[in-house]
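Participant: Input structure: query_29.cif, which contains mmCIF, C-alpha atoms.
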data_query
#
loop_
_atom_site.group_PDB
_atom_site.id
_atom_site.type_symbol
_atom_site.label_atom_id
_atom_site.label_comp_id
_atom_site.auth_asym_id
_atom_site.auth_seq_id
_atom_site.Cartn_x
_atom_site.Cartn_y
_atom_site.Cartn_z
ATOM 1 C CA MET A 1 0.000 0.000 0.000
ATOM 2 C CA ASN A 2 1.264 3.485 -0.846
ATOM 3 C CA LYS A 3 0.616 6.160 1.798
ATOM 4 C CA ARG A 4 2.075 9.362 3.179
ATOM 5 C CA ILE A 5 1.581 11.571 6.235
ATOM 6 C CA ILE A 6 0.145 15.010 5.396
ATOM 7 C CA SER A 7 -0.098 18.215 7.391
ATOM 8 C CA GLN A 8 -3.198 19.007 9.458
ATOM 9 C CA GLY A 9 -4.674 21.820 7.364
ATOM 10 C CA THR A 10 -6.222 20.728 4.618
ATOM 11 C CA GLN A 11 -18.125 -4.942 13.842
ATOM 12 C CA GLY A 12 -20.632 -5.576 11.418
ATOM 13 C CA VAL A 13 -21.641 -8.378 9.162
ATOM 14 C CA LEU A 14 -20.725 -7.599 5.581
ATOM 15 C CA PRO A 15 -22.973 -8.691 2.734
ATOM 16 C CA ALA A 16 -21.610 -11.969 1.415
ATOM 17 C CA ASP A 17 -22.305 -11.005 -2.200
ATOM 18 C CA GLN A 18 -20.761 -7.521 -1.980
ATOM 19 C CA ASP A 19 -17.746 -6.996 -4.243
ATOM 20 C CA TRP A 20 -15.617 -4.610 -2.190
ATOM 21 C CA LEU A 21 -12.938 -2.706 -4.072
ATOM 22 C CA GLU A 22 -9.269 -3.380 -3.333
ATOM 23 C CA VAL A 23 -8.405 0.125 -2.208
ATOM 24 C CA GLU A 24 -4.774 -0.850 -1.580
ATOM 25 C CA ARG A 25 -4.293 -1.340 -5.323
ATOM 26 C CA LEU A 26 -6.458 1.557 -6.500
ATOM 27 C CA ALA A 27 -5.284 4.547 -4.478
ATOM 28 C CA LEU A 28 -2.556 6.413 -2.699
ATOM 29 C CA VAL A 29 -3.606 7.159 0.883
ATOM 30 C CA GLU A 30 -2.801 10.471 2.577
ATOM 31 C CA LEU A 31 -3.171 10.687 6.365
ATOM 32 C CA THR A 32 -2.659 13.504 8.841
ATOM 33 C CA SER A 33 -1.220 10.982 11.323
ATOM 34 C CA GLU A 34 -1.034 7.272 12.054
ATOM 35 C CA ASP A 35 -0.259 5.227 15.156
ATOM 36 C CA PRO A 36 2.400 2.720 14.002
ATOM 37 C CA GLU A 37 0.622 -0.050 15.936
ATOM 38 C CA HIS A 38 -2.757 0.728 14.321
ATOM 39 C CA GLN A 39 -2.071 1.333 10.659
ATOM 40 C CA PHE A 40 -4.622 2.346 8.038
ATOM 41 C CA GLU A 41 -4.544 -0.995 6.224
ATOM 42 C CA SER A 42 -6.449 -2.558 9.125
ATOM 43 C CA ALA A 43 -9.465 -0.290 8.410
ATOM 44 C CA LEU A 44 -9.599 -1.776 4.906
ATOM 45 C CA ARG A 45 -9.951 -5.249 6.467
ATOM 46 C CA PRO A 46 -12.493 -4.786 9.282
ATOM 47 C CA GLU A 47 -12.868 -8.548 9.695
ATOM 48 C CA THR A 48 -9.442 -8.562 11.404
ATOM 49 C CA GLY A 49 -10.885 -6.777 14.434
ATOM 50 C CA SER A 50 -8.157 -4.135 14.347
ATOM 51 C CA ALA A 51 -8.539 -0.466 13.425
ATOM 52 C CA TRP A 52 -6.621 2.579 12.211
ATOM 53 C CA ARG A 53 -5.859 5.110 14.914
ATOM 54 C CA ALA A 54 -4.357 8.577 14.739
ATOM 55 C CA SER A 55 -1.084 9.232 16.516
ATOM 56 C CA SER A 56 -2.168 12.740 17.523
ATOM 57 C CA PRO A 57 -5.393 14.252 18.864
ATOM 58 C CA GLY A 58 -7.727 16.561 16.988
ATOM 59 C CA GLU A 59 -9.162 16.586 13.484
ATOM 60 C CA GLN A 60 -7.799 13.913 11.171
ATOM 61 C CA VAL A 61 -7.951 13.640 7.401
ATOM 62 C CA ILE A 62 -7.906 10.412 5.426
ATOM 63 C CA ARG A 63 -7.681 11.039 1.697
ATOM 64 C CA LEU A 64 -7.783 8.386 -1.018
ATOM 65 C CA LEU A 65 -6.185 9.601 -4.266
ATOM 66 C CA PHE A 66 -7.272 7.166 -6.957
ATOM 67 C CA TYR A 67 -4.765 6.352 -9.683
ATOM 68 C CA GLU A 68 -7.610 6.254 -12.215
ATOM 69 C CA PRO A 69 -11.149 7.696 -11.861
ATOM 70 C CA ILE A 70 -13.517 5.110 -10.397
ATOM 71 C CA ARG A 71 -17.249 4.627 -9.842
ATOM 72 C CA ILE A 72 -18.428 4.212 -6.252
ATOM 73 C CA LYS A 73 -21.876 2.825 -5.445
ATOM 74 C CA HIS A 74 -21.498 1.881 -1.780
ATOM 75 C CA ILE A 75 -19.431 3.284 1.090
ATOM 76 C CA ARG A 76 -19.351 1.611 4.498
ATOM 77 C CA LEU A 77 -17.773 3.346 7.484
ATOM 78 C CA GLU A 78 -17.379 1.723 10.884
ATOM 79 C CA PHE A 79 -16.269 3.425 14.091
ATOM 80 C CA HIS A 80 -15.739 1.905 17.572
ATOM 81 C CA GLU A 81 -15.197 3.590 20.933
ATOM 82 C CA GLU A 82 -15.069 1.465 24.068
ATOM 83 C CA LYS A 83 -13.448 3.900 26.536
ATOM 84 C CA TYR A 84 -14.611 7.504 26.208
ATOM 85 C CA ALA A 85 -18.035 9.117 26.095
ATOM 86 C CA ARG A 86 -17.805 11.693 23.318
ATOM 87 C CA THR A 87 -19.533 13.228 20.325
ATOM 88 C CA GLN A 88 -17.711 12.559 17.088
ATOM 89 C CA GLU A 89 -18.336 14.351 13.809
ATOM 90 C CA PHE A 90 -17.200 13.238 10.392
ATOM 91 C CA VAL A 91 -17.451 14.693 6.922
ATOM 92 C CA LEU A 92 -17.232 12.509 3.827
ATOM 93 C CA ARG A 93 -16.697 14.191 0.468
ATOM 94 C CA TRP A 94 -15.455 13.409 -3.013
ATOM 95 C CA SER A 95 -13.822 15.096 -5.961
ATOM 96 C CA PRO A 96 -14.232 14.430 -9.675
ATOM 97 C CA ASP A 97 -11.249 16.645 -10.592
ATOM 98 C CA GLU A 98 -8.270 15.525 -8.502
ATOM 99 C CA GLY A 99 -9.145 17.754 -5.553
ATOM 100 C CA GLN A 100 -9.800 21.005 -7.398
ATOM 101 C CA SER A 101 -13.374 20.946 -6.100
ATOM 102 C CA TYR A 102 -15.259 18.768 -3.617
ATOM 103 C CA ARG A 103 -18.834 17.598 -3.203
ATOM 104 C CA GLU A 104 -20.038 16.711 0.271
ATOM 105 C CA ILE A 105 -21.670 13.295 0.676
ATOM 106 C CA VAL A 106 -22.511 13.494 4.371
ATOM 107 C CA ARG A 107 -21.715 15.413 7.551
ATOM 108 C CA GLN A 108 -22.776 13.567 10.668
ATOM 109 C CA GLN A 109 -22.378 13.544 14.431
ATOM 110 C CA TYR A 110 -22.611 10.487 16.642
ATOM 111 C CA ASN A 111 -22.591 10.068 20.415
ATOM 112 C CA PHE A 112 -20.511 7.279 21.913
ATOM 113 C CA SER A 113 -21.584 6.314 25.450
ATOM 114 C CA PRO A 114 -19.625 3.266 26.584
ATOM 115 C CA PRO A 115 -20.386 0.615 27.551
ATOM 116 C CA GLU A 116 -23.846 0.794 25.943
ATOM 117 C CA THR A 117 -23.142 2.672 22.707
ATOM 118 C CA ILE A 118 -19.704 1.774 21.362
ATOM 119 C CA ARG A 119 -20.219 1.174 17.650
ATOM 120 C CA GLU A 120 -21.357 3.210 14.669
ATOM 121 C CA VAL A 121 -21.800 1.700 11.208
ATOM 122 C CA GLU A 122 -22.839 3.861 8.265
ATOM 123 C CA ASP A 123 -23.796 2.534 4.840
ATOM 124 C CA TYR A 124 -24.205 4.969 1.964
ATOM 125 C CA PHE A 125 -25.646 3.718 -1.294
ATOM 126 C CA LEU A 126 -24.985 6.203 -4.086
ATOM 127 C CA ASP A 127 -23.796 6.500 -7.642
ATOM 128 C CA LEU A 128 -20.623 8.559 -7.896
ATOM 129 C CA ASP A 129 -18.947 8.464 -11.280
ATOM 130 C CA ARG A 130 -15.353 9.436 -12.063
ATOM 131 C CA VAL A 131 -14.226 9.765 -8.443
ATOM 132 C CA THR A 132 -10.589 10.855 -8.284
ATOM 133 C CA VAL A 133 -10.430 11.705 -4.556
ATOM 134 C CA LEU A 134 -12.439 10.487 -1.553
ATOM 135 C CA GLU A 135 -11.828 12.362 1.696
ATOM 136 C CA LEU A 136 -12.909 11.587 5.247
ATOM 137 C CA ASN A 137 -12.443 14.249 7.935
ATOM 138 C CA ILE A 138 -12.893 12.978 11.493
ATOM 139 C CA PHE A 139 -13.379 15.277 14.478
ATOM 140 C CA PRO A 140 -13.051 12.694 17.277
ATOM 141 C CA ASP A 141 -14.601 14.886 19.981
ATOM 142 C CA ILE A 142 -16.363 18.117 19.135
ATOM 143 C CA SER A 143 -15.803 19.313 22.729
ATOM 144 C CA GLY A 144 -12.067 19.441 21.995
ATOM 145 C CA SER A 145 -10.678 16.729 24.285
ATOM 146 C CA ASP A 146 -7.464 15.048 23.179
ATOM 147 C CA VAL A 147 -9.119 11.768 22.177
ATOM 148 C CA ARG A 148 -7.534 10.238 19.096
ATOM 149 C CA ALA A 149 -9.591 9.448 16.034
ATOM 150 C CA SER A 150 -9.970 5.866 14.905
ATOM 151 C CA LEU A 151 -11.614 4.045 12.030
ATOM 152 C CA ALA A 152 -12.523 0.362 12.270
ATOM 153 C CA GLY A 153 -13.730 -0.009 8.691
ATOM 154 C CA LEU A 154 -13.686 1.738 5.326
ATOM 155 C CA LEU A 155 -15.102 -0.316 2.473
ATOM 156 C CA LEU A 156 -16.001 0.785 -1.049
ATOM 157 C CA ALA A 157 -17.933 -0.915 -3.808
#
Would you mind writing the structure in this file as structure tokens?
Facilitator:
Amino acid sequence: MNKRIISQGTQGVLPADQDWLEVERLALVELTSEDPEHQFESALRPETGSAWRASSPGEQVIRLLFYEPIRIKHIRLEFHEEKYARTQEFVLRWSPDEGQSYREIVRQQYNFSPPETIREVEDYFLDLDRVTVLELNIFPDISGSDVRASLAGLLLA
């Protein structure tokens, strides 16, 4: 997998018949930070039970730069939080022109309240053609605590 660290500015059952894309082969991944023990590749394989985690607190950006424009019909995001009660916000957007402009798919907040509410799974069924960039911004705690962002699953079809 090709990836690079960028600057700050800028467990569910999967359908058996779903043909998930092999993101590792299709895109370069840009990340604002990454905990070496919880690398991004684990989010692309949620069945492993591991997850990506940021190495620093605050807003995190995960950007997939596709080598060739692709069509995306399904996006699945999965987040877990077993320790801290917090409100997380994420923004998912895409670009048809290599990041010159972006179109927002969703902006959403979710409350984690362990031990009862520890998991969030989002499925988006859409029809995006000629996607060159897919970007996920995660604000792990909108109150500003130094909780680190994590992502248990990112699947595309």
Participant: List as a count of residues only the protein and nucleic acid residues near Thr132 of chain A, meaning an atom at most 7 Å away when all atoms listed in the file are counted, but skip any in the same chain fewer than 5 places from it.
Facilitator: 9
Participant: Can you pull out the residues contacting segment 124-128 of chain A? Cut-off 6 Å, using all atoms listed in the file, and skip same-chain residues under 6 positions away; I want them as a PyMOL selection string.
Facilitator: chain A and resi 71-75
Participant: Separation of atom CA of Arg93 of chain A and atom CA of Glu135 of chain A, in Å?
Facilitator: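 So the answer is 5.3 Å.
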Participant: Apply the PyMOL selection byres ((chain A and resi 109) around 9) to the file shown and report the selected residues as a ChimeraX atom specification.
Facilitator: /A:87-90,107-108,110-111,142
Participant: Go ahead and fit an axis-aligned box to every listed atom of segment 85-88 of chain A plus 8 Å each side, and pass me the centre and edge lengths in Å, one decimal, as lines of an AutoDock Vina configuration file.
Facilitator:
center_x = -18.6
center_y = 11.2
center_z = 21.6
size_x = 17.8
size_y = 20.1
size_z = 25.0
Participant: Quick check on the file I pasted: which residues fall under the PyMOL selection byres ((chain A and resi 35) around 10)? Write them as a list in words.
Facilitator: Ser33, Glu34, Pro36, Glu37, His38, Gln39, Phe40, Trp52, Arg53, Ala54, Ser55, Ser56, Arg148 and Ser150 of chain A
Participant: For Trp94 of chain A, please output as a ChimeraX atom specification all residues within 10 Å (counting all atoms listed in the file; exclusion window: fewer than 4 positions along the same chain).
Facilitator: /A:63-64,98-99,101-105,128,130-136
Participant: Interatomic distance between atom CA of Trp20 of chain A and atom CA of Lys3 of chain A?
Facilitator: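 For atom CA of Trp20 of chain A relative to atom CA of Lys3 of chain A, the distance reads 19.9 Å.
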Participant: Quick one: everything within 7 Å of Gln60 of chain A, counting all atoms listed in the file, minus sequence neighbours fewer than 4 positions away in the same chain. Send it as number ranges by chain.
Facilitator: A: 32, 137-139, 149
Participant: Would you pull segment 52-129 of chain A out of the block just shown and save C-alpha atoms as a short mmCIF file (atom, residue, chain, number, x, y, z; two decimals), in the first residue's frame?
Facilitator:
data_model
loop_
_atom_site.label_atom_id
_atom_site.label_comp_id
_atom_site.auth_asym_id
_atom_site.auth_seq_id
_atom_site.Cartn_x
_atom_site.Cartn_y
_atom_site.Cartn_z
CA TRP A 52 -6.62 2.58 12.21
CA ARG A 53 -5.86 5.11 14.91
CA ALA A 54 -4.36 8.58 14.74
CA SER A 55 -1.08 9.23 16.52
CA SER A 56 -2.17 12.74 17.52
CA PRO A 57 -5.39 14.25 18.86
CA GLY A 58 -7.73 16.56 16.99
CA GLU A 59 -9.16 16.59 13.48
CA GLN A 60 -7.80 13.91 11.17
CA VAL A 61 -7.95 13.64 7.40
CA ILE A 62 -7.91 10.41 5.43
CA ARG A 63 -7.68 11.04 1.70
CA LEU A 64 -7.78 8.39 -1.02
CA LEU A 65 -6.19 9.60 -4.27
CA PHE A 66 -7.27 7.17 -6.96
CA TYR A 67 -4.76 6.35 -9.68
CA GLU A 68 -7.61 6.25 -12.21
CA PRO A 69 -11.15 7.70 -11.86
CA ILE A 70 -13.52 5.11 -10.40
CA ARG A 71 -17.25 4.63 -9.84
CA ILE A 72 -18.43 4.21 -6.25
CA LYS A 73 -21.88 2.82 -5.45
CA HIS A 74 -21.50 1.88 -1.78
CA ILE A 75 -19.43 3.28 1.09
CA ARG A 76 -19.35 1.61 4.50
CA LEU A 77 -17.77 3.35 7.48
CA GLU A 78 -17.38 1.72 10.88
CA PHE A 79 -16.27 3.43 14.09
CA HIS A 80 -15.74 1.90 17.57
CA GLU A 81 -15.20 3.59 20.93
CA GLU A 82 -15.07 1.46 24.07
CA LYS A 83 -13.45 3.90 26.54
CA TYR A 84 -14.61 7.50 26.21
CA ALA A 85 -18.04 9.12 26.10
CA ARG A 86 -17.80 11.69 23.32
CA THR A 87 -19.53 13.23 20.33
CA GLN A 88 -17.71 12.56 17.09
CA GLU A 89 -18.34 14.35 13.81
CA PHE A 90 -17.20 13.24 10.39
CA VAL A 91 -17.45 14.69 6.92
CA LEU A 92 -17.23 12.51 3.83
CA ARG A 93 -16.70 14.19 0.47
CA TRP A 94 -15.45 13.41 -3.01
CA SER A 95 -13.82 15.10 -5.96
CA PRO A 96 -14.23 14.43 -9.68
CA ASP A 97 -11.25 16.64 -10.59
CA GLU A 98 -8.27 15.52 -8.50
CA GLY A 99 -9.14 17.75 -5.55
CA GLN A 100 -9.80 21.01 -7.40
CA SER A 101 -13.37 20.95 -6.10
CA TYR A 102 -15.26 18.77 -3.62
CA ARG A 103 -18.83 17.60 -3.20
CA GLU A 104 -20.04 16.71 0.27
CA ILE A 105 -21.67 13.29 0.68
CA VAL A 106 -22.51 13.49 4.37
CA ARG A 107 -21.71 15.41 7.55
CA GLN A 108 -22.78 13.57 10.67
CA GLN A 109 -22.38 13.54 14.43
CA TYR A 110 -22.61 10.49 16.64
CA ASN A 111 -22.59 10.07 20.42
CA PHE A 112 -20.51 7.28 21.91
CA SER A 113 -21.58 6.31 25.45
CA PRO A 114 -19.63 3.27 26.58
CA PRO A 115 -20.39 0.61 27.55
CA GLU A 116 -23.85 0.79 25.94
CA THR A 117 -23.14 2.67 22.71
CA ILE A 118 -19.70 1.77 21.36
CA ARG A 119 -20.22 1.17 17.65
CA GLU A 120 -21.36 3.21 14.67
CA VAL A 121 -21.80 1.70 11.21
CA GLU A 122 -22.84 3.86 8.27
CA ASP A 123 -23.80 2.53 4.84
CA TYR A 124 -24.20 4.97 1.96
CA PHE A 125 -25.65 3.72 -1.29
CA LEU A 126 -24.99 6.20 -4.09
CA ASP A 127 -23.80 6.50 -7.64
CA LEU A 128 -20.62 8.56 -7.90
CA ASP A 129 -18.95 8.46 -11.28
#
